[in-house]
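K.L.:
The file below is structure_19.cif, mmCIF, N, CA and C atoms:
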```
data_upload
loop_
_atom_site.group_PDB
_atom_site.id
_atom_site.type_symbol
_atom_site.label_atom_id
_atom_site.label_comp_id
_atom_site.auth_asym_id
_atom_site.auth_seq_id
_atom_site.Cartn_x
_atom_site.Cartn_y
_atom_site.Cartn_z
ATOM 1 N N MET A 134 -8.551 10.141 -20.211
ATOM 2 C CA MET A 134 -7.348 9.472 -19.753
ATOM 3 C C MET A 134 -7.499 9.191 -18.253
ATOM 4 N N LYS A 135 -7.045 8.041 -17.841
ATOM 5 C CA LYS A 135 -7.069 7.658 -16.430
ATOM 6 C C LYS A 135 -5.627 7.495 -15.956
ATOM 7 N N PRO A 136 -5.359 7.884 -14.713
ATOM 8 C CA PRO A 136 -3.988 7.748 -14.196
ATOM 9 C C PRO A 136 -3.449 6.332 -14.307
ATOM 10 N N SER A 137 -4.290 5.335 -14.014
ATOM 11 C CA SER A 137 -3.806 3.953 -14.045
ATOM 12 C C SER A 137 -3.373 3.533 -15.452
ATOM 13 N N LEU A 138 -4.033 4.050 -16.480
ATOM 14 C CA LEU A 138 -3.633 3.723 -17.852
ATOM 15 C C LEU A 138 -2.283 4.344 -18.197
ATOM 16 N N VAL A 139 -2.070 5.567 -17.751
ATOM 17 C CA VAL A 139 -0.781 6.223 -17.989
ATOM 18 C C VAL A 139 0.313 5.490 -17.222
ATOM 19 N N LEU A 140 0.019 5.105 -16.000
ATOM 20 C CA LEU A 140 1.000 4.369 -15.205
ATOM 21 C C LEU A 140 1.336 3.021 -15.830
ATOM 22 N N MET A 141 0.347 2.352 -16.376
ATOM 23 C CA MET A 141 0.614 1.071 -17.048
ATOM 24 C C MET A 141 1.452 1.288 -18.308
ATOM 25 N N ASP A 142 1.272 2.417 -18.965
ATOM 26 C CA ASP A 142 2.118 2.747 -20.106
ATOM 27 C C ASP A 142 3.566 2.892 -19.635
ATOM 28 N N TYR A 143 3.763 3.493 -18.470
ATOM 29 C CA TYR A 143 5.104 3.609 -17.901
ATOM 30 C C TYR A 143 5.674 2.228 -17.578
ATOM 31 N N VAL A 144 4.835 1.341 -17.053
ATOM 32 C CA VAL A 144 5.269 -0.026 -16.755
ATOM 33 C C VAL A 144 5.812 -0.682 -18.023
ATOM 34 N N ASP A 145 5.123 -0.483 -19.133
ATOM 35 C CA ASP A 145 5.508 -1.115 -20.395
ATOM 36 C C ASP A 145 6.737 -0.475 -21.041
ATOM 37 N N ARG A 146 6.808 0.860 -20.997
ATOM 38 C CA ARG A 146 7.846 1.567 -21.751
ATOM 39 C C ARG A 146 8.961 2.178 -20.905
ATOM 40 N N LYS A 147 8.755 2.294 -19.586
ATOM 41 C CA LYS A 147 9.718 2.916 -18.660
ATOM 42 C C LYS A 147 9.986 4.391 -18.983
ATOM 43 N N THR A 148 9.063 5.004 -19.720
ATOM 44 C CA THR A 148 9.139 6.428 -20.004
ATOM 45 C C THR A 148 7.738 6.932 -20.302
ATOM 46 N N LEU A 149 7.578 8.244 -20.251
ATOM 47 C CA LEU A 149 6.299 8.879 -20.594
ATOM 48 C C LEU A 149 6.595 10.116 -21.423
ATOM 49 N N ASN A 150 5.656 10.469 -22.306
ATOM 50 C CA ASN A 150 5.846 11.688 -23.083
ATOM 51 C C ASN A 150 5.482 12.898 -22.215
ATOM 52 N N ASN A 151 5.754 14.086 -22.715
ATOM 53 C CA ASN A 151 5.519 15.310 -21.936
ATOM 54 C C ASN A 151 4.059 15.480 -21.540
ATOM 55 N N GLU A 152 3.146 15.145 -22.430
ATOM 56 C CA GLU A 152 1.718 15.267 -22.136
ATOM 57 C C GLU A 152 1.313 14.333 -20.990
ATOM 58 N N GLN A 153 1.810 13.119 -21.009
ATOM 59 C CA GLN A 153 1.509 12.166 -19.944
ATOM 60 C C GLN A 153 2.097 12.627 -18.614
ATOM 61 N N GLN A 154 3.316 13.152 -18.646
ATOM 62 C CA GLN A 154 3.941 13.635 -17.419
ATOM 63 C C GLN A 154 3.168 14.815 -16.845
ATOM 64 N N GLU A 155 2.747 15.736 -17.701
ATOM 65 C CA GLU A 155 1.976 16.889 -17.235
ATOM 66 C C GLU A 155 0.628 16.446 -16.667
ATOM 67 N N TYR A 156 0.012 15.473 -17.318
ATOM 68 C CA TYR A 156 -1.253 14.936 -16.819
ATOM 69 C C TYR A 156 -1.074 14.353 -15.414
ATOM 70 N N LEU A 157 -0.044 13.535 -15.228
ATOM 71 C CA LEU A 157 0.204 12.943 -13.915
ATOM 72 C C LEU A 157 0.542 14.009 -12.877
ATOM 73 N N GLU A 158 1.230 15.054 -13.292
ATOM 74 C CA GLU A 158 1.542 16.158 -12.385
ATOM 75 C C GLU A 158 0.247 16.803 -11.873
ATOM 76 N N GLN A 159 -0.698 17.021 -12.774
ATOM 77 C CA GLN A 159 -1.982 17.615 -12.396
ATOM 78 C C GLN A 159 -2.792 16.666 -11.507
ATOM 79 N N VAL A 160 -2.772 15.379 -11.853
ATOM 80 C CA VAL A 160 -3.472 14.377 -11.047
ATOM 81 C C VAL A 160 -2.885 14.347 -9.639
ATOM 82 N N LEU A 161 -1.576 14.406 -9.541
ATOM 83 C CA LEU A 161 -0.906 14.371 -8.244
ATOM 84 C C LEU A 161 -1.306 15.572 -7.389
ATOM 85 N N LYS A 162 -1.268 16.759 -7.971
ATOM 86 C CA LYS A 162 -1.639 17.967 -7.227
ATOM 87 C C LYS A 162 -3.090 17.886 -6.752
ATOM 88 N N ALA A 163 -3.976 17.454 -7.629
ATOM 89 C CA ALA A 163 -5.393 17.336 -7.258
ATOM 90 C C ALA A 163 -5.591 16.278 -6.178
ATOM 91 N N SER A 164 -4.863 15.181 -6.273
ATOM 92 C CA SER A 164 -4.985 14.101 -5.286
ATOM 93 C C SER A 164 -4.507 14.541 -3.911
ATOM 94 N N ILE A 165 -3.419 15.309 -3.872
ATOM 95 C CA ILE A 165 -2.908 15.804 -2.598
ATOM 96 C C ILE A 165 -3.928 16.758 -1.975
ATOM 97 N N GLN A 166 -4.496 17.633 -2.784
ATOM 98 C CA GLN A 166 -5.505 18.567 -2.271
ATOM 99 C C GLN A 166 -6.733 17.823 -1.763
ATOM 100 N N LYS A 167 -7.177 16.835 -2.518
ATOM 101 C CA LYS A 167 -8.344 16.040 -2.105
ATOM 102 C C LYS A 167 -8.059 15.339 -0.780
ATOM 103 N N LEU A 168 -6.864 14.808 -0.651
ATOM 104 C CA LEU A 168 -6.474 14.118 0.576
ATOM 105 C C LEU A 168 -6.454 15.080 1.761
ATOM 106 N N LYS A 169 -5.926 16.278 1.541
ATOM 107 C CA LYS A 169 -5.854 17.278 2.611
ATOM 108 C C LYS A 169 -7.243 17.670 3.109
ATOM 109 N N PHE A 170 -8.175 17.835 2.173
ATOM 110 C CA PHE A 170 -9.486 18.358 2.545
ATOM 111 C C PHE A 170 -10.499 17.285 2.912
ATOM 112 N N THR A 171 -10.324 16.067 2.422
ATOM 113 C CA THR A 171 -11.326 15.037 2.699
ATOM 114 C C THR A 171 -10.801 13.910 3.568
ATOM 115 N N GLY A 172 -9.502 13.619 3.476
ATOM 116 C CA GLY A 172 -8.936 12.509 4.226
ATOM 117 C C GLY A 172 -9.361 11.146 3.697
ATOM 118 N N ILE A 173 -10.018 11.136 2.532
ATOM 119 C CA ILE A 173 -10.459 9.867 1.936
ATOM 120 C C ILE A 173 -9.242 9.100 1.438
ATOM 121 N N GLU A 174 -9.203 7.823 1.760
ATOM 122 C CA GLU A 174 -8.071 6.984 1.385
ATOM 123 C C GLU A 174 -7.951 6.882 -0.133
ATOM 124 N N PRO A 175 -6.746 7.142 -0.677
ATOM 125 C CA PRO A 175 -6.529 7.042 -2.125
ATOM 126 C C PRO A 175 -6.548 5.598 -2.613
ATOM 127 N N VAL A 176 -6.559 5.458 -3.913
ATOM 128 C CA VAL A 176 -6.560 4.157 -4.578
ATOM 129 C C VAL A 176 -5.213 3.470 -4.372
ATOM 130 N N ILE A 177 -5.252 2.163 -4.162
ATOM 131 C CA ILE A 177 -4.035 1.346 -4.081
ATOM 132 C C ILE A 177 -3.625 0.965 -5.510
ATOM 133 N N ALA A 178 -2.350 1.127 -5.821
ATOM 134 C CA ALA A 178 -1.840 0.778 -7.149
ATOM 135 C C ALA A 178 -1.635 -0.721 -7.257
ATOM 136 N N ASN A 179 -1.714 -1.220 -8.483
ATOM 137 C CA ASN A 179 -1.448 -2.650 -8.651
ATOM 138 C C ASN A 179 0.055 -2.904 -8.509
ATOM 139 N N ASN A 180 0.414 -4.148 -8.308
ATOM 140 C CA ASN A 180 1.807 -4.512 -8.013
ATOM 141 C C ASN A 180 2.774 -4.153 -9.133
ATOM 142 N N GLU A 181 2.341 -4.263 -10.379
ATOM 143 C CA GLU A 181 3.218 -3.914 -11.502
ATOM 144 C C GLU A 181 3.607 -2.440 -11.458
ATOM 145 N N ILE A 182 2.642 -1.593 -11.143
ATOM 146 C CA ILE A 182 2.907 -0.155 -11.068
ATOM 147 C C ILE A 182 3.840 0.137 -9.900
ATOM 148 N N CYS A 183 3.592 -0.478 -8.761
ATOM 149 C CA CYS A 183 4.467 -0.285 -7.596
ATOM 150 C C CYS A 183 5.897 -0.719 -7.914
ATOM 151 N N ASP A 184 6.044 -1.852 -8.564
ATOM 152 C CA ASP A 184 7.373 -2.347 -8.921
ATOM 153 C C ASP A 184 8.078 -1.371 -9.865
ATOM 154 N N ALA A 185 7.361 -0.865 -10.865
ATOM 155 C CA ALA A 185 7.946 0.075 -11.827
ATOM 156 C C ALA A 185 8.325 1.389 -11.145
ATOM 157 N N ALA A 186 7.566 1.771 -10.126
ATOM 158 C CA ALA A 186 7.845 3.010 -9.385
ATOM 159 C C ALA A 186 8.922 2.809 -8.324
ATOM 160 N N LEU A 187 9.347 1.570 -8.150
ATOM 161 C CA LEU A 187 10.378 1.211 -7.165
ATOM 162 C C LEU A 187 9.938 1.508 -5.729
ATOM 163 N N ILE A 188 8.664 1.204 -5.449
ATOM 164 C CA ILE A 188 8.163 1.325 -4.083
ATOM 165 C C ILE A 188 7.427 0.040 -3.715
ATOM 166 N N SER A 189 7.110 -0.105 -2.453
ATOM 167 C CA SER A 189 6.510 -1.334 -1.941
ATOM 168 C C SER A 189 5.180 -1.651 -2.614
ATOM 169 N N GLN A 190 4.977 -2.942 -2.891
ATOM 170 C CA GLN A 190 3.687 -3.380 -3.417
ATOM 171 C C GLN A 190 2.606 -3.071 -2.400
ATOM 172 N N GLY A 191 1.451 -2.689 -2.893
ATOM 173 C CA GLY A 191 0.343 -2.319 -2.013
ATOM 174 C C GLY A 191 0.351 -0.848 -1.638
ATOM 175 N N SER A 192 1.225 -0.068 -2.284
ATOM 176 C CA SER A 192 1.293 1.369 -1.999
ATOM 177 C C SER A 192 0.168 2.112 -2.713
ATOM 178 N N TYR A 193 -0.052 3.325 -2.268
ATOM 179 C CA TYR A 193 -1.074 4.162 -2.898
ATOM 180 C C TYR A 193 -0.628 4.614 -4.287
ATOM 181 N N GLU A 194 -1.607 4.755 -5.169
ATOM 182 C CA GLU A 194 -1.323 5.193 -6.537
ATOM 183 C C GLU A 194 -0.636 6.561 -6.541
ATOM 184 N N ILE A 195 -1.041 7.465 -5.640
ATOM 185 C CA ILE A 195 -0.407 8.789 -5.630
ATOM 186 C C ILE A 195 1.074 8.698 -5.242
ATOM 187 N N SER A 196 1.422 7.723 -4.432
ATOM 188 C CA SER A 196 2.831 7.520 -4.090
ATOM 189 C C SER A 196 3.607 7.044 -5.311
ATOM 190 N N CYS A 197 2.997 6.185 -6.100
ATOM 191 C CA CYS A 197 3.630 5.704 -7.333
ATOM 192 C C CYS A 197 3.809 6.841 -8.333
ATOM 193 N N ILE A 198 2.773 7.661 -8.465
ATOM 194 C CA ILE A 198 2.858 8.795 -9.385
ATOM 195 C C ILE A 198 4.009 9.707 -8.968
ATOM 196 N N ALA A 199 4.085 10.023 -7.677
ATOM 197 C CA ALA A 199 5.146 10.896 -7.175
ATOM 198 C C ALA A 199 6.529 10.303 -7.436
ATOM 199 N N SER A 200 6.680 9.019 -7.175
ATOM 200 C CA SER A 200 7.964 8.365 -7.376
ATOM 201 C C SER A 200 8.385 8.380 -8.844
ATOM 202 N N ILE A 201 7.446 8.078 -9.716
ATOM 203 C CA ILE A 201 7.743 8.062 -11.158
ATOM 204 C C ILE A 201 8.088 9.465 -11.648
ATOM 205 N N LEU A 202 7.317 10.463 -11.232
ATOM 206 C CA LEU A 202 7.609 11.836 -11.648
ATOM 207 C C LEU A 202 8.944 12.315 -11.091
ATOM 208 N N ASP A 203 9.262 11.941 -9.867
ATOM 209 C CA ASP A 203 10.566 12.310 -9.303
ATOM 210 C C ASP A 203 11.709 11.679 -10.094
ATOM 211 N N THR A 204 11.472 10.498 -10.631
ATOM 212 C CA THR A 204 12.487 9.838 -11.454
ATOM 213 C C THR A 204 12.611 10.508 -12.815
ATOM 214 N N LEU A 205 11.468 10.786 -13.461
ATOM 215 C CA LEU A 205 11.471 11.347 -14.812
ATOM 216 C C LEU A 205 11.783 12.838 -14.850
ATOM 217 N N GLN A 206 11.298 13.571 -13.857
ATOM 218 C CA GLN A 206 11.467 15.025 -13.811
ATOM 219 C C GLN A 206 11.828 15.464 -12.390
ATOM 220 N N PRO A 207 13.054 15.264 -11.968
ATOM 221 C CA PRO A 207 13.419 15.697 -10.618
ATOM 222 C C PRO A 207 13.170 17.199 -10.455
ATOM 223 N N THR A 208 12.649 17.580 -9.294
ATOM 224 C CA THR A 208 12.300 18.989 -9.078
ATOM 225 C C THR A 208 13.504 19.841 -8.708
ATOM 226 N N GLY A 209 14.509 19.227 -8.114
ATOM 227 C CA GLY A 209 15.663 19.989 -7.664
ATOM 228 C C GLY A 209 15.394 20.728 -6.365
ATOM 229 N N LYS A 210 14.198 20.572 -5.826
ATOM 230 C CA LYS A 210 13.832 21.216 -4.564
ATOM 231 C C LYS A 210 14.136 20.258 -3.423
ATOM 232 N N THR A 211 14.202 20.804 -2.212
ATOM 233 C CA THR A 211 14.500 19.952 -1.060
ATOM 234 C C THR A 211 13.348 19.003 -0.759
ATOM 235 N N MET A 212 12.123 19.411 -1.072
ATOM 236 C CA MET A 212 10.990 18.534 -0.814
ATOM 237 C C MET A 212 10.491 17.968 -2.146
ATOM 238 N N GLU A 213 10.888 16.740 -2.419
ATOM 239 C CA GLU A 213 10.443 16.059 -3.628
ATOM 240 C C GLU A 213 8.963 15.728 -3.512
ATOM 241 N N ARG A 214 8.392 15.329 -4.624
ATOM 242 C CA ARG A 214 6.973 14.961 -4.649
ATOM 243 C C ARG A 214 6.679 13.832 -3.662
ATOM 244 N N LYS A 215 7.596 12.845 -3.589
ATOM 245 C CA LYS A 215 7.390 11.712 -2.682
ATOM 246 C C LYS A 215 7.234 12.178 -1.240
ATOM 247 N N LYS A 216 8.034 13.145 -0.835
ATOM 248 C CA LYS A 216 7.953 13.651 0.532
ATOM 249 C C LYS A 216 6.637 14.386 0.756
ATOM 250 N N LYS A 217 6.198 15.156 -0.228
ATOM 251 C CA LYS A 217 4.920 15.869 -0.108
ATOM 252 C C LYS A 217 3.769 14.883 0.066
ATOM 253 N N VAL A 218 3.789 13.818 -0.732
ATOM 254 C CA VAL A 218 2.738 12.800 -0.641
ATOM 255 C C VAL A 218 2.805 12.106 0.717
ATOM 256 N N PHE A 219 3.999 11.741 1.146
ATOM 257 C CA PHE A 219 4.163 11.087 2.443
ATOM 258 C C PHE A 219 3.600 11.968 3.555
ATOM 259 N N ASN A 220 3.947 13.250 3.546
ATOM 260 C CA ASN A 220 3.451 14.173 4.565
ATOM 261 C C ASN A 220 1.933 14.292 4.527
ATOM 262 N N ALA A 221 1.358 14.355 3.325
ATOM 263 C CA ALA A 221 -0.101 14.450 3.190
ATOM 264 C C ALA A 221 -0.773 13.188 3.722
ATOM 265 N N LEU A 222 -0.193 12.027 3.431
ATOM 266 C CA LEU A 222 -0.751 10.763 3.929
ATOM 267 C C LEU A 222 -0.650 10.688 5.451
ATOM 268 N N CYS A 223 0.454 11.159 6.009
ATOM 269 C CA CYS A 223 0.613 11.179 7.476
ATOM 270 C C CYS A 223 -0.406 12.114 8.104
ATOM 271 N N ASN A 224 -0.544 13.302 7.544
ATOM 272 C CA ASN A 224 -1.491 14.289 8.086
ATOM 273 C C ASN A 224 -2.924 13.793 8.018
ATOM 274 N N ALA A 225 -3.236 12.959 7.025
ATOM 275 C CA ALA A 225 -4.581 12.411 6.890
ATOM 276 C C ALA A 225 -4.776 11.193 7.791
ATOM 277 N N GLY A 226 -3.717 10.751 8.475
ATOM 278 C CA GLY A 226 -3.819 9.609 9.364
ATOM 279 C C GLY A 226 -3.760 8.271 8.664
ATOM 280 N N LEU A 227 -3.313 8.271 7.412
ATOM 281 C CA LEU A 227 -3.243 7.027 6.638
ATOM 282 C C LEU A 227 -1.914 6.311 6.790
ATOM 283 N N ILE A 228 -0.914 7.032 7.260
ATOM 284 C CA ILE A 228 0.389 6.445 7.579
ATOM 285 C C ILE A 228 0.702 6.888 8.996
ATOM 286 N N VAL A 229 1.042 5.937 9.832
ATOM 287 C CA VAL A 229 1.364 6.257 11.216
ATOM 288 C C VAL A 229 2.866 6.078 11.413
ATOM 289 N N THR A 230 3.492 7.105 11.967
ATOM 290 C CA THR A 230 4.918 7.030 12.254
ATOM 291 C C THR A 230 5.127 7.196 13.748
ATOM 292 N N ASP A 231 6.214 6.653 14.230
ATOM 293 C CA ASP A 231 6.525 6.783 15.662
ATOM 294 C C ASP A 231 7.448 7.950 15.905
#
```
Can you present the structure in this file as C-alpha cells?
P.N.:
Amino acid sequence: MKPSLVLMDYVDRKTLNNEQQEYLEQVLKASIQKLKFTGIEPVIANNEICDAALISQGSYEISCIASILDTLQPTGKTMERKKKVFNALCNAGLIVTD
C-alpha cells in the first residue's frame, strides 16, 4: 500500500476504513521522524489530495495526511497532527515564519 493510493481513495469516497486510517497514522509518524532526523523535503501532494484535505494546493503529502486524519479522527489534544507536522516542517527549515 502507498500513502498516495490511500489518499486518492479518500478523494473518491471522502472516508477511509479503520485499516487505512491506521496505515496513514503510521506513515505520518514515520514521516515526522524522518523529517526530524534527515531534514529531507517530503513529497508534494497532488492538487486533488490537497483539495480533499482542505489545504493549499502544492502542500506536502504529510500535511494532507495530518489534515485528513484530524478530520476523520480528532485527537482531542491541544496539539493536533497538523500542528505537529507544521512544527516539524518549520524545524527542518522547509517553512519559514516571521
K.L.:
Output as a PyMOL selection string all residues of chain A that backbone DSSP marks as helix (DSSP H, G or I).
P.N.:
chain A and resi 136-146+151-171+180-186+194-205+214-224
K.L.:
Run the PyMOL selection byres ((chain A and resi 156-166) around 7) on the file and write out the hits as JSON, numbers by chain.
P.N.:
{"A": [136, 151, 152, 153, 154, 155, 167, 168, 169, 170, 171, 195, 198, 199, 218, 221]}
K.L.:
Measuring atom to atom with only C-alpha atoms, identify which of A:Met134, A:Gln206, A:Met212, A:Gly191 is nearest to A:Asn179.
P.N.:
A:Gly191
K.L.:
Report as a PyMOL selection string all protein, DNA and RNA residues lying within 7 Å of A:Pro175, evaluated on only N, CA and C atoms, omitting residues in the same chain fewer than 2 positions from it.
P.N.:
chain A and resi 172-173+177-178+193-195
K.L.:
Those selected residues, please, written with N, CA and C atoms and delivered as a compact mmCIF listing (two decimals), in the coordinates of the input.
P.N.:
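New file out_31.txt:
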```
# COMPACT_ATOMS: atom_id res chain seq x y z
N GLY A 172 -9.50 13.62 3.48
CA GLY A 172 -8.94 12.51 4.23
C GLY A 172 -9.36 11.15 3.70
N ILE A 173 -10.02 11.14 2.53
CA ILE A 173 -10.46 9.87 1.94
C ILE A 173 -9.24 9.10 1.44
N ILE A 177 -5.25 2.16 -4.16
CA ILE A 177 -4.04 1.35 -4.08
C ILE A 177 -3.62 0.96 -5.51
N ALA A 178 -2.35 1.13 -5.82
CA ALA A 178 -1.84 0.78 -7.15
C ALA A 178 -1.64 -0.72 -7.26
N TYR A 193 -0.05 3.32 -2.27
CA TYR A 193 -1.07 4.16 -2.90
C TYR A 193 -0.63 4.61 -4.29
N GLU A 194 -1.61 4.76 -5.17
CA GLU A 194 -1.32 5.19 -6.54
C GLU A 194 -0.64 6.56 -6.54
N ILE A 195 -1.04 7.46 -5.64
CA ILE A 195 -0.41 8.79 -5.63
C ILE A 195 1.07 8.70 -5.24
```
K.L.:
With 5 Å on each side, where is the centre of the axis-aligned box around all listed atoms of stretch 164-181 of chain A, and how long are its edges in Å to one decimal, as AutoDock Vina command-line options?
P.N.:
```
--center_x -3.9 --center_y 7.0 --center_z -3.6 --size_x 24.9 --size_y 33.1 --size_z 25.7
```
K.L.:
Can you work out the spacing between atom CA of A:Met141 and atom C of A:Asn224 in Å, to one decimal?
P.N.:
28.3 Å
K.L.:
For a test of reading the model, state the distance in Å between atom CA of A:Ala186 and atom CA of A:Phe219, rounded to one decimal.
P.N.:
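Value for the atom CA of A:Ala186-atom CA of A:Phe219 distance: 14.8 Å.
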K.L.:
Do you have the atom CA of A:Asp142-atom N of A:Ala185 distance handy?
P.N.:
11.2 Å
K.L.:
Between A:Ile188, A:Leu222, A:Ile182, A:Leu149, which is the closest to A:Leu202 once you count only C-alpha atoms?
P.N.:
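With only C-alpha atoms as the atom set, the closest residue is A:Leu149.
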K.L.:
Compare A:Cys197, A:Val176, A:Cys223, A:Leu205 by their minimum atom-to-atom distance to A:Thr148, counting all atoms listed in the file, and give me the closest one.
P.N.:
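Residue with the minimum atom-to-atom distance to A:Thr148: A:Leu205.
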K.L.:
So, with all atoms listed in the file as the atoms that count, which of A:Val139, A:Val144, A:Asn150, A:Leu227 lies closest to A:Asp184?
P.N.:
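Closest to A:Asp184, using all atoms listed in the file: A:Val144.
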K.L.:
A:Leu138, A:Asn180, A:Val229, A:Thr208: which is nearest A:Ser192, counting only N, CA and C atoms?
P.N.:
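With only N, CA and C atoms as the atom set, the closest residue is A:Asn180.
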